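This is upload.txt. It holds compact mmCIF, C-alpha atoms and all ligand atoms.
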# COMPACT_ATOMS: atom_id res chain seq x y z
CA MET Y 1 -12.04 -101.32 45.11
CA LYS Y 2 -9.87 -99.00 43.06
CA ASP Y 3 -8.37 -96.94 45.83
CA VAL Y 4 -6.13 -98.36 48.58
CA ARG Y 5 -7.78 -96.02 51.09
CA GLU Y 6 -11.00 -97.96 50.51
CA ALA Y 7 -9.41 -101.03 52.09
CA LEU Y 8 -9.61 -99.34 55.48
CA MET Y 9 -13.34 -98.92 55.04
CA VAL Y 10 -14.09 -102.64 54.73
CA GLY Y 11 -15.35 -104.54 57.76
CA ARG Y 12 -17.56 -107.50 58.63
CA ASN Y 13 -20.83 -107.25 60.46
CA THR Y 14 -21.90 -109.72 63.16
CA GLU Y 15 -23.08 -112.19 60.50
CA GLY Y 16 -19.63 -112.16 58.88
CA LYS Y 17 -20.88 -110.35 55.82
CA LEU Y 18 -18.58 -107.75 54.25
CA VAL Y 19 -19.84 -104.24 54.76
CA ARG Y 20 -18.63 -100.75 54.19
CA ARG Y 21 -17.93 -99.30 57.61
CA PRO Y 22 -19.67 -96.10 58.62
CA LEU Y 23 -17.66 -92.88 58.45
CA SER Y 24 -17.75 -90.19 61.09
CA PRO Y 25 -19.36 -86.99 59.84
CA PHE Y 26 -17.35 -84.18 58.29
CA MET Y 27 -15.84 -81.87 60.91
CA LEU Y 28 -17.84 -78.84 59.77
CA GLY Y 29 -21.60 -79.21 59.77
CA SER Y 30 -24.49 -79.96 62.04
CA ALA Y 31 -22.85 -82.98 63.68
CA TYR Y 32 -20.33 -81.05 65.75
CA LYS Y 33 -20.55 -77.82 67.67
CA PHE Y 34 -18.69 -75.00 65.96
CA GLN Y 35 -16.20 -73.67 68.51
CA THR Y 36 -12.88 -71.89 69.05
CA SER Y 37 -10.85 -74.88 67.93
CA SER Y 38 -12.76 -75.42 64.67
CA LEU Y 39 -12.83 -71.69 63.92
CA THR Y 40 -9.10 -71.13 64.45
CA SER Y 41 -8.30 -74.27 62.46
CA ILE Y 42 -10.33 -73.46 59.35
CA MET Y 43 -9.14 -69.84 59.53
CA HIS Y 44 -5.53 -71.00 59.27
CA ARG Y 45 -6.32 -72.75 56.01
CA ILE Y 46 -8.41 -69.88 54.64
CA THR Y 47 -5.75 -67.26 55.48
CA GLY Y 48 -3.02 -69.50 54.03
CA VAL Y 49 -4.82 -69.79 50.70
CA ALA Y 50 -5.76 -66.07 50.79
CA LEU Y 51 -2.10 -65.17 51.33
CA GLY Y 52 -1.33 -67.34 48.34
CA ALA Y 53 -3.63 -65.12 46.28
CA GLY Y 54 -1.92 -62.13 47.91
CA THR Y 55 1.40 -63.18 46.39
CA LEU Y 56 -0.08 -62.04 43.05
CA LEU Y 57 -0.05 -58.48 44.44
CA LEU Y 58 3.48 -58.88 45.79
CA THR Y 59 4.56 -60.09 42.35
CA ALA Y 60 2.77 -57.21 40.59
CA TRP Y 61 4.48 -54.76 42.95
CA LEU Y 62 8.00 -56.16 42.44
CA VAL Y 63 7.68 -56.78 38.70
CA SER Y 64 6.30 -53.29 38.04
CA ALA Y 65 9.05 -51.73 40.13
CA ALA Y 66 11.58 -53.59 38.03
CA ALA Y 67 9.77 -52.72 34.79
CA GLY Y 68 9.77 -48.92 35.10
CA ASP Y 69 8.07 -45.77 36.34
CA ALA Y 70 4.93 -46.06 34.18
CA ALA Y 71 4.09 -49.61 35.29
CA PHE Y 72 4.95 -48.86 38.90
CA SER Y 73 2.68 -45.81 39.16
CA VAL Y 74 -0.24 -47.85 37.78
CA VAL Y 75 0.24 -50.55 40.45
CA GLN Y 76 0.87 -47.92 43.14
CA ALA Y 77 -2.36 -46.09 42.21
CA LEU Y 78 -4.34 -49.36 42.23
CA LEU Y 79 -3.02 -50.30 45.68
CA ALA Y 80 -3.71 -46.82 47.06
CA SER Y 81 -7.28 -46.66 45.72
CA TRP Y 82 -9.98 -47.31 48.30
CA ILE Y 83 -10.69 -50.77 46.90
CA GLY Y 84 -6.95 -51.48 46.92
CA LEU Y 85 -6.74 -50.41 50.55
CA VAL Y 86 -9.67 -52.63 51.55
CA VAL Y 87 -7.95 -55.59 49.87
CA LEU Y 88 -4.64 -54.73 51.55
CA ILE Y 89 -6.30 -54.48 54.96
CA GLY Y 90 -7.70 -57.96 54.34
CA PHE Y 91 -4.27 -59.30 53.43
CA THR Y 92 -2.55 -57.74 56.44
CA PHE Y 93 -5.14 -59.34 58.71
CA ALA Y 94 -4.64 -62.69 56.94
CA LEU Y 95 -0.88 -62.40 57.37
CA PHE Y 96 -1.04 -61.46 61.05
CA TYR Y 97 -3.59 -64.16 61.81
CA HIS Y 98 -1.61 -66.85 59.98
CA PHE Y 99 1.56 -65.58 61.67
CA CYS Y 100 0.09 -65.80 65.20
CA ASN Y 101 -1.70 -69.07 64.66
CA GLY Y 102 1.43 -70.41 62.91
CA ILE Y 103 3.30 -69.93 66.19
CA ARG Y 104 0.50 -71.87 67.90
CA HIS Y 105 0.90 -74.66 65.34
CA LEU Y 106 4.67 -74.78 65.86
CA ALA Y 107 4.13 -75.00 69.62
CA TRP Y 108 1.81 -77.99 69.09
CA ASP Y 109 4.45 -79.58 66.85
CA ALA Y 110 6.88 -79.24 69.76
CA GLY Y 111 4.33 -81.12 71.90
CA ARG Y 112 3.17 -78.13 73.90
CA GLY Y 113 -0.22 -76.54 74.55
CA PHE Y 114 -2.62 -79.44 74.04
CA GLU Y 115 -4.59 -78.91 77.27
CA LEU Y 116 -8.09 -77.80 76.30
CA PRO Y 117 -8.38 -74.71 78.56
CA ALA Y 118 -4.97 -73.45 77.36
CA MET Y 119 -5.89 -74.22 73.75
CA HIS Y 120 -9.11 -72.25 73.95
CA ARG Y 121 -7.36 -69.39 75.68
CA ASN Y 122 -4.47 -69.07 73.22
CA GLY Y 123 -6.91 -69.51 70.34
CA ARG Y 124 -8.72 -66.36 71.48
CA MET Y 125 -5.34 -64.68 72.02
CA VAL Y 126 -4.42 -65.43 68.39
CA VAL Y 127 -7.59 -63.77 67.07
CA ALA Y 128 -7.17 -60.76 69.38
CA GLY Y 129 -3.48 -60.50 68.52
CA ALA Y 130 -4.17 -60.57 64.79
CA VAL Y 131 -6.79 -57.82 65.09
CA ALA Y 132 -4.48 -55.70 67.29
CA LEU Y 133 -1.51 -56.08 64.93
CA THR Y 134 -3.66 -55.20 61.91
CA VAL Y 135 -5.00 -52.06 63.59
CA ALA Y 136 -1.50 -51.06 64.74
CA PHE Y 137 -0.09 -51.63 61.26
CA TRP Y 138 -2.65 -49.36 59.62
CA ILE Y 139 -2.39 -46.62 62.22
CA ILE Y 140 1.39 -46.50 61.75
CA GLY Y 141 0.93 -46.88 57.99
CA PHE Y 142 -1.37 -43.86 57.70
CA LEU Y 143 0.88 -41.85 60.00
CA VAL Y 144 4.05 -42.38 57.96
CA TRP Y 145 2.29 -42.21 54.58
CA MET P 1 -12.15 -114.22 41.46
CA SER P 2 -13.69 -111.52 43.57
CA ASN P 3 -16.70 -112.82 45.38
CA GLU P 4 -18.61 -111.13 48.14
CA ASN P 5 -16.46 -112.64 50.89
CA THR P 6 -12.96 -111.93 49.62
CA PRO P 7 -11.91 -108.32 49.98
CA SER P 8 -9.33 -107.25 47.42
CA VAL P 9 -7.39 -104.09 46.79
CA HIS P 10 -5.17 -102.94 43.97
CA ILE P 11 -1.95 -101.88 45.65
CA MET P 12 0.24 -99.39 43.82
CA ARG P 13 3.45 -101.01 45.00
CA SER P 14 5.89 -102.92 42.82
CA GLN P 15 6.92 -106.53 43.57
CA LEU P 16 10.52 -105.32 43.79
CA GLY P 17 9.57 -102.66 46.33
CA ARG P 18 7.84 -105.31 48.45
CA ALA P 19 10.76 -107.73 48.23
CA ARG P 20 13.30 -105.09 49.24
CA GLY P 21 11.09 -104.04 52.12
CA LEU P 22 12.74 -100.66 52.58
CA GLY P 23 9.47 -98.99 53.47
CA ALA P 24 8.39 -95.51 52.50
CA ALA P 25 10.76 -93.05 50.83
CA LYS P 26 10.08 -90.56 53.68
CA LEU P 27 8.70 -88.01 51.24
CA GLY P 28 5.82 -87.35 53.62
CA LEU P 29 8.20 -86.54 56.45
CA HIS P 30 10.26 -84.33 54.15
CA HIS P 31 7.13 -82.41 53.12
CA TRP P 32 6.05 -81.92 56.72
CA TRP P 33 9.52 -80.90 57.89
CA THR P 34 10.10 -78.45 55.01
CA GLN P 35 6.76 -76.80 55.77
CA ARG P 36 7.88 -76.25 59.39
CA VAL P 37 11.36 -75.03 58.40
CA THR P 38 9.92 -72.50 55.95
CA ALA P 39 7.34 -71.45 58.57
CA VAL P 40 10.09 -70.74 61.10
CA ALA P 41 12.07 -68.83 58.46
CA LEU P 42 8.95 -66.81 57.64
CA LEU P 43 8.52 -65.63 61.23
CA PRO P 44 11.36 -63.07 61.07
CA LEU P 45 11.20 -62.62 57.29
CA SER P 46 7.52 -61.65 57.24
CA LEU P 47 8.09 -59.14 60.06
CA TYR P 48 11.00 -57.72 58.06
CA PHE P 49 8.72 -57.49 55.02
CA VAL P 50 5.96 -55.74 56.99
CA LEU P 51 8.48 -53.20 58.33
CA SER P 52 9.90 -52.65 54.84
CA VAL P 53 6.42 -51.98 53.46
CA LEU P 54 5.76 -49.47 56.26
CA MET P 55 9.03 -47.70 55.52
CA LEU P 56 8.23 -47.60 51.81
CA ALA P 57 4.64 -46.32 52.18
CA GLY P 58 4.15 -43.63 49.56
CA ALA P 59 7.68 -44.07 48.15
CA ASP P 60 8.27 -43.62 44.44
CA ARG P 61 9.94 -46.20 42.22
CA ALA P 62 13.45 -44.81 42.62
CA GLN P 63 13.19 -45.01 46.41
CA VAL P 64 11.86 -48.59 46.27
CA ALA P 65 14.68 -49.54 43.90
CA ALA P 66 17.28 -47.89 46.14
CA TYR P 67 15.92 -49.74 49.21
CA ILE P 68 15.74 -53.18 47.61
CA GLY P 69 19.11 -52.52 45.97
CA GLU P 70 20.93 -52.30 49.33
CA PRO P 71 22.90 -55.58 49.51
CA TRP P 72 21.33 -56.82 52.75
CA ASN P 73 17.86 -55.92 51.59
CA THR P 74 18.46 -57.75 48.31
CA VAL P 75 19.55 -60.83 50.24
CA LEU P 76 16.62 -60.68 52.67
CA PHE P 77 14.09 -60.15 49.89
CA LEU P 78 15.49 -63.16 48.03
CA CYS P 79 15.28 -65.22 51.26
CA LEU P 80 11.70 -64.03 51.72
CA VAL P 81 10.76 -64.99 48.16
CA ALA P 82 12.36 -68.43 48.55
CA ALA P 83 10.77 -69.22 51.93
CA LEU P 84 7.38 -67.75 51.06
CA PHE P 85 6.88 -69.55 47.78
CA SER P 86 8.19 -72.92 48.92
CA HIS P 87 5.92 -72.69 51.98
CA LEU P 88 3.00 -71.76 49.72
CA SER P 89 3.73 -74.55 47.27
CA LEU P 90 3.72 -77.17 50.04
CA GLY P 91 0.66 -75.64 51.69
CA LEU P 92 -1.43 -75.48 48.54
CA GLN P 93 -0.45 -79.08 47.77
CA VAL P 94 -2.01 -80.28 51.04
CA VAL P 95 -5.20 -78.30 50.46
CA ILE P 96 -5.55 -79.67 46.93
CA GLU P 97 -4.85 -83.25 48.04
CA ASP P 98 -7.54 -82.88 50.71
CA TYR P 99 -10.31 -81.65 48.44
CA VAL P 100 -9.68 -82.91 44.90
CA ARG P 101 -10.50 -86.60 45.02
CA SER P 102 -10.29 -87.82 41.42
CA ASP P 103 -6.73 -88.80 40.46
CA ALA P 104 -6.66 -87.06 37.09
CA LYS P 105 -8.13 -83.81 38.36
CA ARG P 106 -5.87 -83.86 41.39
CA MET P 107 -2.74 -84.30 39.32
CA LEU P 108 -3.80 -81.56 36.91
CA THR P 109 -4.66 -79.11 39.71
CA LEU P 110 -1.35 -79.86 41.45
CA LEU P 111 0.62 -79.28 38.25
CA VAL P 112 -1.14 -75.97 37.58
CA ALA P 113 -0.74 -74.78 41.19
CA LYS P 114 2.92 -75.80 41.49
CA GLY P 115 3.74 -74.38 38.05
CA GLY P 116 1.97 -71.12 38.83
CA VAL P 117 3.71 -70.73 42.18
CA PHE P 118 7.07 -71.45 40.55
CA ILE P 119 6.53 -68.79 37.87
CA LEU P 120 5.50 -66.19 40.48
CA ALA P 121 8.55 -67.05 42.59
CA LEU P 122 10.85 -66.64 39.60
CA ALA P 123 9.19 -63.37 38.57
CA CYS P 124 9.71 -61.97 42.09
CA ALA P 125 13.32 -63.15 42.34
CA VAL P 126 14.24 -61.79 38.89
CA SER P 127 12.59 -58.43 39.70
CA VAL P 128 14.48 -58.15 42.99
CA LEU P 129 17.74 -58.87 41.17
CA LYS P 130 16.89 -56.42 38.41
CA LEU P 131 16.20 -53.71 41.00
CA ALA P 132 19.54 -54.50 42.65
CA PHE P 133 21.80 -54.60 39.59
C1 LIG Y 201 4.37 -65.60 58.64
C2 LIG Y 201 4.87 -66.74 58.97
C3 LIG Y 201 4.15 -68.04 58.71
C4 LIG Y 201 4.07 -69.05 59.59
C5 LIG Y 201 4.65 -69.08 61.00
C6 LIG Y 201 3.32 -70.12 58.96
C7 LIG Y 201 3.04 -71.34 59.55
C8 LIG Y 201 2.35 -72.36 58.96
C9 LIG Y 201 2.18 -73.68 59.50
C10 LIG Y 201 2.75 -74.17 60.83
C11 LIG Y 201 1.43 -74.40 58.63
C12 LIG Y 201 0.99 -75.85 58.78
C13 LIG Y 201 -0.38 -75.91 59.37
C14 LIG Y 201 -0.94 -77.30 59.44
O1 LIG Y 201 -0.23 -78.25 59.78
O2 LIG Y 201 -2.16 -77.45 59.18
C15 LIG Y 201 1.09 -73.53 57.53
C16 LIG Y 201 0.30 -73.86 56.47
C17 LIG Y 201 0.09 -73.07 55.35
N1 LIG Y 201 0.64 -71.82 55.12
FE1 LIG Y 201 1.77 -70.78 56.42
N2 LIG Y 201 2.94 -69.73 57.71
C18 LIG Y 201 3.44 -68.45 57.51
C19 LIG Y 201 3.30 -67.69 56.37
C20 LIG Y 201 2.59 -68.07 55.23
C21 LIG Y 201 2.47 -67.28 54.03
C22 LIG Y 201 3.10 -65.91 53.82
C23 LIG Y 201 1.69 -68.00 53.17
C24 LIG Y 201 1.26 -67.67 51.76
C25 LIG Y 201 2.02 -67.13 50.87
C26 LIG Y 201 1.32 -69.23 53.82
C27 LIG Y 201 0.53 -70.21 53.27
C28 LIG Y 201 0.20 -71.39 53.88
C29 LIG Y 201 -0.69 -72.38 53.32
C30 LIG Y 201 -1.41 -72.32 51.98
C31 LIG Y 201 -0.76 -73.44 54.25
C32 LIG Y 201 -1.57 -74.73 54.13
C33 LIG Y 201 -2.82 -74.59 54.93
C34 LIG Y 201 -3.47 -75.90 55.28
O3 LIG Y 201 -2.92 -76.98 55.07
O4 LIG Y 201 -4.58 -75.84 55.82
N3 LIG Y 201 1.89 -69.25 55.08
N4 LIG Y 201 1.66 -72.28 57.75
Rewrite the structure from the file as structure tokens, please.
Amino acid sequence: MKDVREALMVGRNTEGKLVRRPLSPFMLGSAYKFQTSSLTSIMHRITGVALGAGTLLLTAWLVSAAAGDAAFSVVQALLASWIGLVVLIGFTFALFYHFCNGIRHLAWDAGRGFELPAMHRNGRMVVAGAVALTVAFWIIGFLVW
Amino acid sequence: MSNENTPSVHIMRSQLGRARGLGAAKLGLHHWWTQRVTAVALLPLSLYFVLSVLMLAGADRAQVAAYIGEPWNTVLFLCLVAALFSHLSLGLQVVIEDYVRSDAKRMLTLLVAKGGVFILALACAVSVLKLAF
């Protein structure tokens, strides 16, 4: 054993022989049904990491604005191109999803909302809320643009 | 020494640490708590950022500079940068620790991720200040 975590995996079978204890299967896969709770959970991680990638755009935007007109118009044109807009729509959805589900996480941390029916309901509310906020953002965005 | 019936582990804890018996340094709790504090800070700050972006849609550089240069906007953007990147740094750390199992690779990935996030944070903060002054 090289890793302390391995110590938890050691057990004895009925004959007293040391064995490696079986491990429950990974949460995603054929062993468990994929459902609201697993979807909203993995989405929180995916959107968190995606937003991390999105900070590259935020940085490009701020740095180019500080650098000067030439740099800024390049970044502005990239963001306003159709591919830029598709990427930005993705990031706004990621932000709104992570925002809504983040509130759900904070409620759990406060010990609230663990009952299964409520959890499934507010999980669907988070997805619907994120979609609604994204649509609203882009409608307003195109109107003021 | 190690035969089939004696389990043994290498424990990464010093004899002195065991003798003092003070327990963990609470770094895990600090990580968890800081992630929640930055999350709560990001609730209003990210809404403020979204509204700012909407107001600046189609703006040219001078208008962006004038907006970020307003004292309160400078302060809020700096708060946003601080909260956002510390939250990201802690978040990425957990993801990396979950998936990168080998010690050497994990340490390397963590160093690259934390270093990268730090550089981005600094680049954003310096740009905001440059736009303001
Ligand atoms: C808008 C407000 C935000 C709130 C309320 C929020 C909330 C949270 C919470 C509560 C967690 C912990 C989840 C857990 O215990 O598994 C978390 C994780 C994370 N957040 Fe945020 N967050 C916000 C914004 C952001 C932003 C802007 C980014 C990226 C720049 C981000 C990146 C991450 C990452 C990478 C994780 C780790 C994901 C994981 O462990 O699975 N978050 N967030």
Can you work out which residues are within 8 Å of ligand LIG 201 (chain Y), considering all atoms listed in the file, and then hand them over as a tab-separated table (two decimals) with C-alpha atoms, in the frame of the given file?
chain	number	residue	atom	x	y	z
Y	41	SER	CA	-8.30	-74.27	62.46
Y	42	ILE	CA	-10.33	-73.46	59.35
Y	44	HIS	CA	-5.53	-71.00	59.27
Y	45	ARG	CA	-6.32	-72.75	56.01
Y	46	ILE	CA	-8.41	-69.88	54.64
Y	47	THR	CA	-5.75	-67.26	55.48
Y	48	GLY	CA	-3.02	-69.50	54.03
Y	49	VAL	CA	-4.82	-69.79	50.70
Y	50	ALA	CA	-5.76	-66.07	50.79
Y	51	LEU	CA	-2.10	-65.17	51.33
Y	52	GLY	CA	-1.33	-67.34	48.34
Y	53	ALA	CA	-3.63	-65.12	46.28
Y	54	GLY	CA	-1.92	-62.13	47.91
Y	55	THR	CA	1.40	-63.18	46.39
Y	95	LEU	CA	-0.88	-62.40	57.37
Y	96	PHE	CA	-1.04	-61.46	61.05
Y	98	HIS	CA	-1.61	-66.85	59.98
Y	99	PHE	CA	1.56	-65.58	61.67
Y	100	CYS	CA	0.09	-65.80	65.20
Y	101	ASN	CA	-1.70	-69.07	64.66
Y	102	GLY	CA	1.43	-70.41	62.91
Y	103	ILE	CA	3.30	-69.93	66.19
Y	104	ARG	CA	0.50	-71.87	67.90
Y	105	HIS	CA	0.90	-74.66	65.34
Y	106	LEU	CA	4.67	-74.78	65.86
P	32	TRP	CA	6.05	-81.92	56.72
P	35	GLN	CA	6.76	-76.80	55.77
P	36	ARG	CA	7.88	-76.25	59.39
P	38	THR	CA	9.92	-72.50	55.95
P	39	ALA	CA	7.34	-71.45	58.57
P	40	VAL	CA	10.09	-70.74	61.10
P	41	ALA	CA	12.07	-68.83	58.46
P	42	LEU	CA	8.95	-66.81	57.64
P	43	LEU	CA	8.52	-65.63	61.23
P	44	PRO	CA	11.36	-63.07	61.07
P	45	LEU	CA	11.20	-62.62	57.29
P	46	SER	CA	7.52	-61.65	57.24
P	47	LEU	CA	8.09	-59.14	60.06
P	84	LEU	CA	7.38	-67.75	51.06
P	85	PHE	CA	6.88	-69.55	47.78
P	87	HIS	CA	5.92	-72.69	51.98
P	88	LEU	CA	3.00	-71.76	49.72
P	89	SER	CA	3.73	-74.55	47.27
P	90	LEU	CA	3.72	-77.17	50.04
P	91	GLY	CA	0.66	-75.64	51.69
P	92	LEU	CA	-1.43	-75.48	48.54
P	93	GLN	CA	-0.45	-79.08	47.77
P	94	VAL	CA	-2.01	-80.28	51.04
P	95	VAL	CA	-5.20	-78.30	50.46
Considering all atoms listed in the file, give me a table of residues in chain P that are at most 6 Å from chain Y, with the closest atom pair and distance in Å for each, as a tab-separated table.
residue	atom	partner	partner_atom	distance
P:Val9	CA	Y:Met1	CA	5.7
P:Leu54	CA	Y:Gly141	CA	5.7
P:Ala57	CA	Y:Trp145	CA	5.3
P:Gly58	CA	Y:Trp145	CA	5.5
P:Arg61	CA	Y:Ala65	CA	6.0
P:Cys124	CA	Y:Thr59	CA	5.5
P:Ser127	CA	Y:Ala66	CA	5.2
P:Leu131	CA	Y:Ala66	CA	5.5
**Request:** May I have the residues at most 8 Å from (16.7, -49.8, 46.1) in the file's coordinates, counting all atoms listed in the file, as a VMD selection string?
**Result:** chain P and resid 62 to 70 131 to 132
**Item:** Exercise: Ile96 in chain P partners within 10 Å, all atoms listed in the file, chain neighbours under 5 positions left out, as a list in words
**Value:** Gly91, Arg101, Lys105, Arg106, Met107, Thr109, Leu110 and Ala113 of chain P
Store the residues picked out above in a file with C-alpha atoms, as a short mmCIF file (atom, residue, chain, number, x, y, z; two decimals), keeping the file's coordinate frame.
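Contents of again.cif, freshly written:
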data_model
loop_
_atom_site.label_atom_id
_atom_site.label_comp_id
_atom_site.auth_asym_id
_atom_site.auth_seq_id
_atom_site.Cartn_x
_atom_site.Cartn_y
_atom_site.Cartn_z
CA GLY P 91 0.66 -75.64 51.69
CA ARG P 101 -10.50 -86.60 45.02
CA LYS P 105 -8.13 -83.81 38.36
CA ARG P 106 -5.87 -83.86 41.39
CA MET P 107 -2.74 -84.30 39.32
CA THR P 109 -4.66 -79.11 39.71
CA LEU P 110 -1.35 -79.86 41.45
CA ALA P 113 -0.74 -74.78 41.19
#
**Message:** Please list, as a PyMOL selection string, the residues that have an atom at most 6 Å away from (16.0, -61.6, 43.2) in the coordinates of this file, counting only C-alpha atoms.
**Reply:** chain P and resi 78+125-129
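Note that the spacing between CA of Ser81 in chain Y and CA of Leu56 in chain P amounts to 16.7 Å.
CA of Ile89 in chain Y to CA of Val135 in chain Y spans 9.1 Å [interatomic distance, one decimal].
The smallest atom-to-atom distance between Val75 in chain Y and any of P:Leu120, P:Ala19, P:Asp60, P:Ala82, using only C-alpha atoms, is found for P:Asp60.
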**Fill in**
Counting only C-alpha atoms, closest pick from P:Val50, P:Val117, P:Leu108, P:Met55 relative to Thr134 in chain Y is P:Val50
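With all atoms listed in the file as the atoms that count, the residue of P:Leu29, P:Ile11, P:Leu76, P:Val37 with the shortest distance to Phe49 in chain P is P:Leu76.
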**Request:** Provide the CA of Ser86 in chain P to CA of Gly28 in chain P distance in Å, to one decimal place.
**Result:** 15.4 Å
